[in-house]
>>> print(open('protein_36.txt').read())   # compact mmCIF, C-alpha atoms
# COMPACT_ATOMS: atom_id res chain seq x y z
CA MET Z 1 35.30 -15.94 -27.87
CA SER Z 2 33.70 -19.17 -26.63
CA ALA Z 3 30.09 -20.19 -27.28
CA THR Z 4 29.27 -19.44 -23.62
CA LEU Z 5 30.44 -15.84 -23.99
CA SER Z 6 29.18 -15.22 -27.50
CA ASN Z 7 26.15 -13.11 -28.36
CA LEU Z 8 26.52 -10.97 -25.26
CA PRO Z 9 24.05 -8.09 -24.77
CA PRO Z 10 25.07 -4.89 -26.61
CA ALA Z 11 25.76 -3.04 -23.35
CA VAL Z 12 28.26 -5.71 -22.34
CA GLN Z 13 30.00 -5.57 -25.70
CA SER Z 14 30.21 -1.79 -25.44
CA TYR Z 15 31.55 -2.00 -21.88
CA LEU Z 16 34.26 -4.51 -22.75
CA GLY Z 17 35.28 -2.98 -26.05
CA ASP Z 18 38.69 -4.41 -26.93
CA ASN Z 19 39.50 -5.26 -23.31
CA ARG Z 20 40.05 -8.79 -22.17
CA LEU Z 21 37.37 -10.13 -19.81
CA ASP Z 22 38.99 -11.11 -16.50
CA GLU Z 23 36.26 -12.54 -14.30
CA VAL Z 24 32.61 -13.58 -14.21
CA GLU Z 25 30.47 -13.42 -11.08
CA CYS Z 26 27.96 -16.28 -11.18
CA ILE Z 27 25.13 -15.14 -8.93
CA ILE Z 28 21.67 -16.05 -7.70
CA SER Z 29 19.26 -14.32 -5.32
CA ASP Z 30 18.63 -15.86 -1.90
CA LEU Z 31 15.37 -15.21 0.02
CA PRO Z 32 16.39 -11.74 1.33
CA GLY Z 33 17.63 -10.77 -2.14
CA ILE Z 34 21.35 -10.99 -1.39
CA ALA Z 35 23.53 -12.09 -4.31
CA ARG Z 36 25.07 -15.50 -3.59
CA GLY Z 37 27.39 -17.42 -5.87
CA LYS Z 38 30.96 -17.68 -7.08
CA ALA Z 39 33.47 -15.51 -8.91
CA VAL Z 40 35.38 -17.48 -11.53
CA PRO Z 41 38.05 -16.62 -14.09
CA ALA Z 42 36.55 -15.82 -17.47
CA SER Z 43 38.44 -18.72 -19.04
CA LYS Z 44 36.84 -21.18 -16.62
CA PHE Z 45 33.37 -19.71 -17.12
CA ALA Z 46 33.78 -20.13 -20.87
CA ARG Z 47 34.31 -23.88 -20.35
CA GLN Z 48 31.43 -24.51 -17.95
CA ASN Z 49 27.68 -24.56 -18.51
CA HIS Z 50 26.69 -24.86 -14.86
CA PHE Z 51 28.01 -24.84 -11.31
CA TYR Z 52 26.77 -26.03 -7.93
CA LEU Z 53 25.59 -24.44 -4.70
CA PRO Z 54 23.83 -26.15 -1.76
CA ASP Z 55 20.08 -25.58 -1.52
CA SER Z 56 20.60 -24.72 2.15
CA ILE Z 57 21.38 -21.11 1.12
CA TYR Z 58 17.62 -20.65 1.06
CA TYR Z 59 17.50 -21.48 4.76
CA GLN Z 60 19.94 -18.71 5.67
CA THR Z 61 18.44 -15.77 7.55
CA ILE Z 62 19.27 -12.10 7.10
CA THR Z 63 21.63 -12.33 10.11
CA GLY Z 64 23.63 -15.14 8.52
CA GLU Z 65 22.21 -17.79 10.81
CA TRP Z 66 20.61 -20.96 9.52
CA ALA Z 67 16.93 -21.65 10.07
CA GLU Z 68 16.16 -25.00 11.60
CA ALA Z 69 16.00 -27.11 8.48
CA ALA Z 70 15.11 -29.99 10.79
CA GLY Z 71 11.70 -28.35 11.02
CA ASP Z 72 11.30 -29.07 7.34
CA GLU Z 73 10.45 -32.75 7.17
CA GLY Z 74 12.66 -34.71 4.87
CA PHE Z 75 15.23 -31.93 4.41
CA ILE Z 76 18.57 -33.13 3.11
CA GLU Z 77 21.14 -30.57 2.01
CA ARG Z 78 21.62 -31.14 -1.71
CA ASP Z 79 23.54 -29.39 -4.44
CA MET Z 80 21.54 -27.30 -6.88
CA ILE Z 81 22.58 -27.07 -10.51
CA LEU Z 82 22.90 -23.40 -11.44
CA LYS Z 83 22.72 -22.55 -15.14
CA PRO Z 84 23.52 -19.09 -16.56
CA ASP Z 85 20.88 -16.92 -18.19
CA MET Z 86 23.18 -15.08 -20.58
CA SER Z 87 20.51 -12.48 -21.33
CA THR Z 88 21.24 -11.15 -17.81
CA ALA Z 89 24.99 -10.72 -18.42
CA THR Z 90 25.99 -7.23 -17.36
CA ALA Z 91 29.02 -5.25 -16.26
CA ALA Z 92 30.33 -4.84 -12.73
CA PRO Z 93 31.78 -1.39 -13.48
CA TRP Z 94 32.92 -0.61 -9.91
CA THR Z 95 35.49 -3.43 -9.92
CA GLY Z 96 39.17 -2.88 -10.59
CA ASP Z 97 39.25 -5.25 -13.56
CA TRP Z 98 36.94 -6.24 -16.40
CA THR Z 99 34.21 -8.22 -14.67
CA LEU Z 100 30.75 -9.37 -15.67
CA GLN Z 101 27.80 -10.52 -13.56
CA VAL Z 102 25.47 -13.27 -14.76
CA ILE Z 103 22.28 -14.33 -13.01
CA HIS Z 104 21.75 -18.08 -12.87
CA ASP Z 105 18.65 -20.23 -12.52
CA ALA Z 106 18.49 -23.11 -10.06
CA PHE Z 107 17.53 -26.69 -10.95
CA ASP Z 108 17.62 -30.07 -9.26
CA ARG Z 109 19.42 -33.08 -10.73
CA ALA Z 110 16.29 -34.07 -12.67
CA GLY Z 111 16.23 -30.65 -14.37
CA ASN Z 112 13.25 -29.33 -12.41
CA PRO Z 113 13.34 -25.70 -11.21
CA ILE Z 114 14.12 -25.34 -7.51
CA SER Z 115 10.74 -24.22 -6.26
CA PHE Z 116 11.96 -21.95 -3.47
CA SER Z 117 14.42 -19.99 -5.61
CA PRO Z 118 12.90 -16.46 -5.81
CA ARG Z 119 13.48 -16.05 -9.55
CA ASN Z 120 11.76 -19.39 -10.15
CA VAL Z 121 8.82 -18.31 -7.96
CA LEU Z 122 8.30 -15.25 -10.16
CA LYS Z 123 8.65 -17.31 -13.35
CA ARG Z 124 6.01 -19.70 -12.02
CA VAL Z 125 3.52 -16.85 -11.55
CA VAL Z 126 4.30 -15.36 -14.98
CA ASP Z 127 3.71 -18.79 -16.53
CA LEU Z 128 0.22 -18.86 -14.99
CA TYR Z 129 -0.56 -15.60 -16.78
CA ARG Z 130 0.91 -16.96 -20.01
CA ALA Z 131 -1.33 -20.03 -19.80
CA GLN Z 132 -4.34 -17.67 -19.88
CA GLY Z 133 -3.02 -15.81 -22.92
CA TRP Z 134 -1.87 -12.87 -20.81
CA LYS Z 135 1.41 -11.02 -20.56
CA PRO Z 136 1.90 -9.14 -17.28
CA ILE Z 137 3.77 -5.83 -17.42
CA VAL Z 138 5.25 -4.14 -14.37
CA ALA Z 139 7.11 -0.95 -13.53
CA PRO Z 140 8.77 -0.77 -10.11
CA GLU Z 141 9.70 2.42 -8.30
CA MET Z 142 12.69 2.20 -5.97
CA GLU Z 143 13.00 4.43 -2.91
CA PHE Z 144 16.13 4.48 -0.77
CA TYR Z 145 18.20 6.67 1.52
CA LEU Z 146 21.76 7.94 1.26
CA VAL Z 147 22.96 8.09 4.87
CA ALA Z 148 26.11 8.81 6.83
CA PRO Z 149 28.36 5.79 7.49
CA ASN Z 150 27.05 3.82 10.47
CA THR Z 151 29.35 1.22 12.00
CA ASN Z 152 27.76 1.20 15.46
CA PRO Z 153 24.32 -0.49 15.50
CA SER Z 154 23.40 1.28 18.75
CA LYS Z 155 23.77 4.68 17.06
CA ALA Z 156 20.81 6.19 15.20
CA ILE Z 157 21.08 6.44 11.43
CA GLU Z 158 21.74 9.98 10.23
CA ALA Z 159 21.40 11.75 6.90
CA MET Z 160 24.51 11.93 4.74
CA MET Z 161 26.57 15.09 4.48
CA GLY Z 162 25.83 16.97 1.27
CA ARG Z 163 28.39 18.72 -0.89
CA SER Z 164 27.48 21.99 0.86
CA GLY Z 165 28.88 20.55 4.09
CA ARG Z 166 25.40 20.32 5.63
CA PRO Z 167 23.36 17.16 6.24
CA ALA Z 168 20.78 16.31 3.58
CA ALA Z 169 17.52 18.12 4.34
CA ALA Z 170 14.10 16.57 4.87
CA ARG Z 171 10.74 17.81 3.58
CA GLN Z 172 12.28 18.74 0.22
CA ALA Z 173 10.32 16.44 -2.10
CA TYR Z 174 11.06 17.01 -5.79
CA SER Z 175 13.66 19.69 -4.99
CA MET Z 176 16.39 19.84 -7.62
CA SER Z 177 18.68 21.66 -5.19
CA ALA Z 178 18.33 18.77 -2.77
CA VAL Z 179 19.26 16.31 -5.52
CA ASP Z 180 22.32 18.44 -6.31
CA GLU Z 181 23.52 17.99 -2.73
CA TYR Z 182 24.50 14.41 -3.54
CA GLY Z 183 25.11 14.93 -7.25
CA PRO Z 184 28.42 12.99 -7.29
CA VAL Z 185 26.68 9.85 -6.02
CA ILE Z 186 23.91 10.25 -8.60
CA ASP Z 187 26.48 10.77 -11.35
CA ASP Z 188 28.04 7.40 -10.49
CA ILE Z 189 24.60 5.76 -10.37
CA TYR Z 190 23.92 7.01 -13.89
CA ASP Z 191 27.37 5.93 -15.11
CA PHE Z 192 27.08 2.46 -13.60
CA ALA Z 193 23.53 2.05 -14.96
CA GLU Z 194 24.66 3.06 -18.44
CA ALA Z 195 27.55 0.59 -18.32
CA GLN Z 196 25.10 -2.13 -17.29
CA GLY Z 197 22.61 -1.25 -20.01
CA PHE Z 198 19.83 -0.12 -17.66
CA GLU Z 199 17.47 2.70 -18.57
CA ILE Z 200 16.52 4.99 -15.71
CA ASP Z 201 13.18 6.71 -16.25
CA GLY Z 202 13.95 9.38 -13.69
CA ILE Z 203 15.51 10.22 -10.30
CA THR Z 204 13.70 12.46 -7.83
CA GLN Z 205 14.19 13.68 -4.28
CA GLU Z 206 11.61 12.14 -1.95
CA GLY Z 207 10.30 13.53 1.34
CA GLY Z 208 12.97 12.11 3.64
CA ALA Z 209 16.41 13.51 4.42
CA GLY Z 210 18.65 12.03 1.73
CA GLN Z 211 15.80 9.93 0.30
CA LEU Z 212 15.72 9.35 -3.45
CA GLU Z 213 13.43 7.52 -5.86
CA ILE Z 214 14.47 5.86 -9.11
CA ASN Z 215 11.80 4.88 -11.63
CA LEU Z 216 12.39 2.13 -14.16
CA ARG Z 217 10.67 1.77 -17.52
CA HIS Z 218 7.89 -0.81 -17.65
CA GLY Z 219 8.52 -4.28 -18.99
CA SER Z 220 8.68 -8.01 -18.28
CA PRO Z 221 8.34 -8.88 -14.56
CA VAL Z 222 11.41 -11.14 -14.56
CA LYS Z 223 13.55 -8.61 -16.42
CA LEU Z 224 12.49 -5.78 -14.13
CA ALA Z 225 13.08 -7.89 -11.00
CA ASP Z 226 16.55 -8.68 -12.36
CA GLU Z 227 17.18 -4.97 -12.76
CA VAL Z 228 16.05 -4.11 -9.22
CA PHE Z 229 18.24 -6.95 -7.93
CA TYR Z 230 21.19 -5.49 -9.83
CA PHE Z 231 20.32 -1.89 -8.97
CA LYS Z 232 20.50 -2.45 -5.23
CA ARG Z 233 24.11 -3.51 -5.55
CA LEU Z 234 24.89 -0.78 -8.09
CA ILE Z 235 23.53 1.96 -5.81
CA ARG Z 236 25.38 0.64 -2.75
CA GLU Z 237 28.64 0.61 -4.68
CA ALA Z 238 28.09 4.17 -5.95
CA ALA Z 239 27.41 5.39 -2.41
CA LEU Z 240 30.51 3.75 -0.96
CA ARG Z 241 32.66 5.69 -3.42
CA HIS Z 242 31.51 8.89 -1.69
CA ASN Z 243 31.74 7.95 1.98
CA CYS Z 244 28.07 7.23 2.52
CA TYR Z 245 25.76 4.24 2.67
CA ALA Z 246 22.76 3.48 0.51
CA THR Z 247 20.11 1.74 2.57
CA PHE Z 248 16.95 0.00 1.41
CA MET Z 249 15.56 -0.48 4.91
CA ALA Z 250 11.83 0.17 4.97
CA LYS Z 251 12.18 2.66 7.86
CA PRO Z 252 15.80 3.62 8.56
CA ILE Z 253 15.14 6.96 10.32
CA ALA Z 254 12.40 7.21 12.95
CA ASP Z 255 10.85 10.57 12.05
CA GLU Z 256 11.25 10.29 8.28
CA PRO Z 257 9.07 8.56 5.65
CA GLY Z 258 9.79 4.94 4.84
CA SER Z 259 11.08 3.55 1.54
CA ALA Z 260 8.69 1.68 -0.74
CA MET Z 261 8.92 -0.35 -3.92
CA HIS Z 262 5.67 0.73 -5.56
CA ILE Z 263 4.68 -1.72 -8.29
CA HIS Z 264 2.64 -0.65 -11.33
CA HIS Z 265 0.82 -3.45 -13.17
CA SER Z 266 -0.95 -3.87 -16.46
CA VAL Z 267 -1.81 -7.04 -18.40
CA ILE Z 268 -1.58 -7.48 -22.17
CA ASP Z 269 -3.60 -9.91 -24.27
CA THR Z 270 -0.84 -11.82 -26.08
CA GLU Z 271 -3.02 -12.38 -29.17
CA THR Z 272 -4.20 -8.80 -29.70
CA GLY Z 273 -1.48 -6.85 -27.91
CA GLU Z 274 -4.16 -4.82 -26.13
CA ASN Z 275 -4.30 -3.92 -22.46
CA ILE Z 276 -7.02 -6.12 -20.92
CA PHE Z 277 -7.75 -3.43 -18.32
CA SER Z 278 -9.32 -1.31 -21.10
CA GLY Z 279 -12.24 -2.18 -23.36
CA PRO Z 280 -12.69 -1.39 -27.08
CA GLN Z 281 -14.12 2.02 -26.27
CA GLY Z 282 -11.45 2.76 -23.67
CA GLY Z 283 -13.55 1.96 -20.60
CA GLU Z 284 -12.48 -0.01 -17.56
CA THR Z 285 -13.06 -3.76 -17.89
CA ASP Z 286 -14.09 -6.50 -15.50
CA ALA Z 287 -10.47 -7.71 -15.53
CA PHE Z 288 -9.37 -4.30 -14.24
CA TYR Z 289 -11.79 -4.42 -11.32
CA HIS Z 290 -11.10 -8.07 -10.59
CA PHE Z 291 -7.35 -7.41 -10.44
CA ILE Z 292 -8.00 -4.71 -7.82
CA GLY Z 293 -10.34 -7.07 -5.96
CA GLY Z 294 -7.62 -9.71 -5.88
CA LEU Z 295 -5.14 -7.27 -4.38
CA GLN Z 296 -7.64 -6.30 -1.70
CA ARG Z 297 -8.45 -9.88 -0.77
CA TYR Z 298 -5.02 -11.51 -0.91
CA LEU Z 299 -2.45 -8.86 -0.07
CA PRO Z 300 -3.22 -9.03 3.67
CA ALA Z 301 -1.92 -12.61 3.53
CA GLY Z 302 0.88 -11.62 1.17
CA ILE Z 303 2.23 -8.72 3.19
CA ALA Z 304 4.62 -11.08 5.00
CA VAL Z 305 6.46 -11.34 1.67
CA MET Z 306 6.24 -7.66 0.69
CA ALA Z 307 7.13 -6.49 4.22
CA PRO Z 308 9.56 -9.22 5.29
CA TYR Z 309 11.21 -7.81 8.44
CA VAL Z 310 10.18 -6.40 11.80
CA ASN Z 311 11.37 -2.98 10.63
CA SER Z 312 9.06 -3.19 7.60
CA TYR Z 313 5.96 -2.53 9.69
CA ARG Z 314 7.34 0.73 11.06
CA ARG Z 315 6.78 2.18 7.58
CA TYR Z 316 2.97 1.92 7.72
CA VAL Z 317 2.35 5.16 9.60
CA LYS Z 318 -0.46 7.64 8.97
CA ASP Z 319 0.50 10.69 6.94
CA HIS Z 320 4.00 9.37 6.21
CA ALA Z 321 3.50 8.50 2.51
CA ALA Z 322 2.76 4.82 3.22
CA PRO Z 323 -0.67 3.16 3.19
CA ILE Z 324 -2.41 1.86 6.28
CA ASN Z 325 -5.21 0.04 4.43
CA LEU Z 326 -6.17 -1.44 1.06
CA GLU Z 327 -8.67 1.12 -0.15
CA TRP Z 328 -8.41 1.94 -3.85
CA ALA Z 329 -8.90 5.21 -5.68
CA ARG Z 330 -7.90 7.13 -8.76
CA ASP Z 331 -4.90 9.43 -8.40
CA ASN Z 332 -4.96 9.26 -4.60
CA ARG Z 333 -1.65 8.59 -2.84
CA THR Z 334 -3.23 7.96 0.56
CA THR Z 335 -4.71 4.64 -0.56
CA GLY Z 336 -2.90 1.30 -0.68
CA ILE Z 337 -4.05 0.74 -4.27
CA ARG Z 338 -3.81 3.71 -6.62
CA ILE Z 339 -4.96 4.12 -10.21
CA PRO Z 340 -2.62 6.65 -11.84
CA ILE Z 341 -3.80 9.07 -14.51
CA SER Z 342 -3.28 7.46 -17.93
CA ASP Z 343 -4.79 6.86 -21.32
CA ALA Z 344 -6.66 3.62 -22.02
CA GLN Z 345 -3.68 1.69 -23.41
CA SER Z 346 -1.53 2.63 -20.40
CA ARG Z 347 -4.19 1.91 -17.77
CA ARG Z 348 -2.52 0.31 -14.78
CA VAL Z 349 -2.89 -0.52 -11.10
CA GLU Z 350 -0.32 0.60 -8.55
CA ASN Z 351 0.37 -1.48 -5.43
CA ARG Z 352 1.81 0.87 -2.78
CA LEU Z 353 2.25 -1.72 -0.02
CA ALA Z 354 5.56 -3.36 -0.93
CA GLY Z 355 8.62 -2.08 0.92
CA MET Z 356 11.99 -1.54 -0.73
CA ASP Z 357 13.40 -4.10 1.70
CA CYS Z 358 11.54 -6.95 0.02
CA ASN Z 359 13.14 -9.35 -2.42
CA PRO Z 360 12.13 -7.86 -5.82
CA TYR Z 361 11.35 -11.26 -7.34
CA LEU Z 362 9.11 -12.20 -4.43
CA GLY Z 363 7.46 -8.79 -4.01
CA ILE Z 364 6.48 -8.68 -7.69
CA ALA Z 365 5.45 -12.34 -7.66
CA MET Z 366 3.17 -11.80 -4.66
CA SER Z 367 1.53 -8.75 -6.19
CA LEU Z 368 0.93 -10.51 -9.51
CA ALA Z 369 -0.35 -13.61 -7.69
CA ALA Z 370 -2.98 -11.59 -5.83
CA GLY Z 371 -4.14 -9.89 -9.04
CA TYR Z 372 -4.20 -13.21 -10.89
CA LEU Z 373 -6.41 -14.80 -8.25
CA GLY Z 374 -8.72 -11.80 -8.42
CA MET Z 375 -9.16 -12.21 -12.17
CA MET Z 376 -9.55 -15.99 -12.01
CA GLU Z 377 -12.09 -15.82 -9.19
CA GLY Z 378 -13.93 -12.75 -10.44
CA ILE Z 379 -13.45 -10.85 -7.19
CA ARG Z 380 -15.15 -7.46 -7.10
CA PRO Z 381 -13.37 -4.66 -5.21
CA THR Z 382 -14.91 -2.41 -2.65
CA LYS Z 383 -16.43 0.86 -3.78
CA GLN Z 384 -13.85 3.41 -4.93
CA PHE Z 385 -12.58 5.38 -1.94
CA ARG Z 386 -12.96 9.14 -1.91
CA GLY Z 387 -11.13 11.35 0.54
CA ASP Z 388 -8.16 10.79 2.84
CA ALA Z 389 -7.60 7.07 3.45
CA TYR Z 390 -5.54 7.90 6.54
CA ASP Z 391 -8.82 8.80 8.23
CA GLY Z 392 -9.82 5.14 8.04
CA ASP Z 393 -8.71 2.08 9.94
CA GLY Z 394 -5.91 -0.30 9.05
CA ASP Z 395 -6.87 -3.60 7.46
CA PHE Z 396 -3.62 -5.55 7.31
CA ALA Z 397 -1.09 -6.84 9.85
CA GLN Z 398 1.01 -4.38 11.82
CA THR Z 399 3.61 -6.89 13.01
CA LEU Z 400 5.62 -9.58 11.26
CA GLY Z 401 4.31 -12.30 13.57
CA GLN Z 402 0.69 -11.52 12.70
CA ALA Z 403 1.57 -11.26 8.99
CA LEU Z 404 3.21 -14.70 9.05
CA ASP Z 405 0.11 -16.17 10.69
CA GLU Z 406 -2.05 -14.81 7.86
CA PHE Z 407 0.41 -16.04 5.23
CA ASP Z 408 0.44 -19.53 6.76
CA ASP Z 409 -3.37 -19.69 6.59
CA CYS Z 410 -3.71 -18.68 2.92
CA THR Z 411 -3.39 -21.96 1.03
CA LYS Z 412 -4.53 -20.40 -2.25
CA LEU Z 413 -1.47 -18.18 -2.33
CA HIS Z 414 0.71 -21.18 -1.47
CA GLU Z 415 -0.65 -22.99 -4.51
CA ILE Z 416 0.12 -20.04 -6.80
CA LEU Z 417 3.60 -19.30 -5.45
CA GLY Z 418 4.51 -22.93 -4.77
CA ILE Z 419 3.84 -25.00 -1.67
CA ASP Z 420 7.53 -25.73 -1.13
CA PHE Z 421 8.38 -22.05 -1.35
CA ALA Z 422 5.66 -21.12 1.16
CA ARG Z 423 6.96 -23.72 3.62
CA VAL Z 424 10.62 -22.69 3.35
CA TYR Z 425 9.82 -18.97 3.45
CA ALA Z 426 7.76 -19.37 6.63
CA ILE Z 427 10.51 -21.40 8.31
CA VAL Z 428 13.16 -18.74 7.58
CA LYS Z 429 10.98 -15.78 8.56
CA ARG Z 430 9.85 -17.43 11.79
CA ALA Z 431 13.51 -17.98 12.67
CA GLU Z 432 14.32 -14.31 12.02
CA TYR Z 433 11.32 -13.14 14.06
CA GLU Z 434 12.19 -15.37 17.00
CA GLU Z 435 15.79 -14.14 16.90
CA PHE Z 436 14.56 -10.54 16.99
CA LEU Z 437 12.40 -11.27 20.03
CA GLN Z 438 15.53 -12.32 21.95
CA VAL Z 439 17.01 -8.79 21.64
CA ILE Z 440 16.34 -6.25 24.41
CA SER Z 441 15.82 -2.83 22.81
CA PRO Z 442 17.07 0.58 24.04
CA TRP Z 443 13.42 1.60 24.62
CA GLU Z 444 12.94 -1.29 27.06
CA ARG Z 445 16.12 -0.43 28.96
CA GLU Z 446 15.23 3.26 29.11
CA HIS Z 447 11.64 2.96 30.26
CA LEU Z 448 11.37 -0.38 32.05
CA LEU Z 449 14.70 -0.84 33.80
CA THR Z 450 13.83 1.25 36.89
CA ASN Z 451 10.13 2.01 36.40
CA VAL Z 452 8.31 -1.32 36.54
>>> encode(input="protein_36.txt", output="C-alpha cells")
Amino acid sequence: MSATLSNLPPAVQSYLGDNRLDEVECIISDLPGIARGKAVPASKFARQNHFYLPDSIYYQTITGEWAEAAGDEGFIERDMILKPDMSTATAAPWTGDWTLQVIHDAFDRAGNPISFSPRNVLKRVVDLYRAQGWKPIVAPEMEFYLVAPNTNPSKAIEAMMGRSGRPAAARQAYSMSAVDEYGPVIDDIYDFAEAQGFEIDGITQEGGAGQLEINLRHGSPVKLADEVFYFKRLIREAALRHNCYATFMAKPIADEPGSAMHIHHSVIDTETGENIFSGPQGGETDAFYHFIGGLQRYLPAGIAVMAPYVNSYRRYVKDHAAPINLEWARDNRTTGIRIPISDAQSRRVENRLAGMDCNPYLGIAMSLAAGYLGMMEGIRPTKQFRGDAYDGDGDFAQTLGQALDEFDDCTKLHEILGIDFARVYAIVKRAEYEEFLQVISPWEREHLLTNV
C-alpha cells in the first residue's frame, strides 16, 4: 500500500480487511456543513497529496445559489489547495463498493489556512486556548427526527411510520418502546458507526414524534466536530435504507420540540492535566465563572452562527425544551446555560442554545470563542438563576435578521473567529435571508389574501 494510504486508523483497517479499496471521497465542509469535494479512484488518491477546489464554494447558500461575491471587495475566485488529514480516514459503509472518506484542510498557494473554511475556524480558536496552556474538551449531543418521506415542500412534515404500522408517537421521552419502533434504523446507525470507528455514548428517545438524541464521548473539539459532520451523513444514509428521512432542521414539525446540538465544555491545564474549572479542593474556580460570563455576554452576538437559518428561531419557544434566555443554573434544563451534576474533575458547562442545524465546526468554535473571551476578560456571570427560566424574558435575537445585525456589530468575536470568516459568513447569510423574504408563505395567503 502507498505511503498516502499507510498507517490508516484501526477501524479503517478492520473495515477493509483483505478487500481492495476502490474509491476515496475527498471532502471538506462548506459553511452550511455540507460535504463538498471529489470522489477519486483509490489508485489516483495514492499518487496525490492534494487536490483543488475553488474558494467560491464558501459563497454558496443553502439553496445552491451564490451570494454576491461582488459585495466582498477584492474577491477573485481562486483555487484552494486541499490536503488530506489521514487521521480522519473512515469508511463509507453504505456504498456498494469499498470506499473511504477523508476530510481535507484548505490552504492558499502560500500555504496559509483558508480563513473562512469552518474546520480552520475551529482550529484557530483551539490554538488560542493552546497558547494559554489550555486544552478545551467538548461533548456534543445530537438531536434529530426520523420523518416520513417528504417530496412536496408545501406538505407538512410528518412522523415516520414505526414497525408497528403506526406513526412514531410524541411525548414519549426516554421510552424504550418508542425507540424500538424504529429499531431497524438504529441498528444501521450502530453498524455504520462501528464501521467508521465512532463510539456512541447512548441513544435515547426525545420528546418529539420520531425524535432521537445521540450522545458522543467527550474529546478534542476538532475530532468531535469531524464526528458530528460524519454522523449527519451516516444517519441520513441509515434512514434512507428504511424509507424515511433523517432531518436536522431546528424545528421540522410545528407542534413538536426542536432539535438542538447541546455542547458540554471543560478546559484542561495542559501542564497539570487538571480541569481548570475546579480548584485543588474541588471548588469552582474563577475560570469556571468567567467562562459562563463569556457565554452570557457574547452568545447573543454569536447566535447567528449557532442558529443559522430562519427556521432556527422557531425552536426557541417557552416550555418546548429550548432556552429563551441566557440564565445559568445547576441541573436546570430551562436555562440556556446549564451546569450538569458531576464530580470536580468532570465539572463542565453546557451551552443549550446551538441548534442541530448549525455547522458543527462553527457552532463549537463560537461557543468556545465566547468562553475564551470570558476567561481572558474576567467577565463575571449574573447571579445563579433559581426557578423556571421560562418565566423570564428573552435576551437574544428572535429572528435571523436581528441576529446578523448583532453579529456584525461584535468585532471582538470577529477577531477571535477571523475577520475574513466573519465577512464571508455575513455575506452568505444575508443572501439567504433576503432570498427567504422573497417567498410568500401559506400563512400569508390564508389570512391576508381576502382579509386585508
>>> residues_around(input="protein_36.txt", residues="Z:Lys223", least_positions_apart="5", cutoff="10 Å", atoms="all atoms listed in the file", output="list in words")
Ser87, Thr88, Val138, His218, Val228, Phe229 and Tyr361 of chain Z
>>> closest_atom_pairs(input="protein_36.txt", of="stretch 294-400 of chain Z", to="stretch 184-207 of chain Z", cutoff="12 Å", atoms="all atoms listed in the file", output="JSON lines")
{"residue": "Z:Asp319", "atom": "CA", "partner": "Z:Gly207", "partner_atom": "CA", "distance": 11.6}
{"residue": "Z:His320", "atom": "CA", "partner": "Z:Gly207", "partner_atom": "CA", "distance": 9.0}
{"residue": "Z:Ala321", "atom": "CA", "partner": "Z:Gly207", "partner_atom": "CA", "distance": 8.5}
{"residue": "Z:Ala322", "atom": "CA", "partner": "Z:Gly207", "partner_atom": "CA", "distance": 11.7}
>>> residues_around(input="protein_36.txt", residues="Z:Pro84", least_positions_apart="2", cutoff="8 Å", atoms="all atoms listed in the file", output="mmCIF file with C-alpha atoms, in the frame of the given file")
data_model
loop_
_atom_site.group_PDB
_atom_site.id
_atom_site.type_symbol
_atom_site.label_atom_id
_atom_site.label_comp_id
_atom_site.auth_asym_id
_atom_site.auth_seq_id
_atom_site.Cartn_x
_atom_site.Cartn_y
_atom_site.Cartn_z
ATOM 1 C CA CYS Z 26 27.960 -16.280 -11.180
ATOM 2 C CA ASN Z 49 27.680 -24.560 -18.510
ATOM 3 C CA HIS Z 50 26.690 -24.860 -14.860
ATOM 4 C CA LEU Z 82 22.900 -23.400 -11.440
ATOM 5 C CA MET Z 86 23.180 -15.080 -20.580
ATOM 6 C CA VAL Z 102 25.470 -13.270 -14.760
ATOM 7 C CA ILE Z 103 22.280 -14.330 -13.010
ATOM 8 C CA HIS Z 104 21.750 -18.080 -12.870
ATOM 9 C CA ASP Z 105 18.650 -20.230 -12.520
#
>>> residues_around(input="protein_36.txt", residues="Z:Val222", least_positions_apart="6", cutoff="12 Å", atoms="only C-alpha atoms", output="ChimeraX atom specification")
/Z:85,87-88,103,105,118-127,135-140,228-229,360-365,368
>>> closest_atom_pairs(input="protein_36.txt", of="stretch 41-148 of chain Z", to="stretch 235-245 of chain Z", cutoff="7 Å", atoms="only C-alpha atoms", output="CSV")
residue,atom,partner,partner_atom,distance
Z:Trp94,CA,Z:Glu237,CA,6.9
Z:Leu146,CA,Z:Tyr245,CA,5.6
Z:Val147,CA,Z:Tyr245,CA,5.2
Z:Ala148,CA,Z:Cys244,CA,5.0
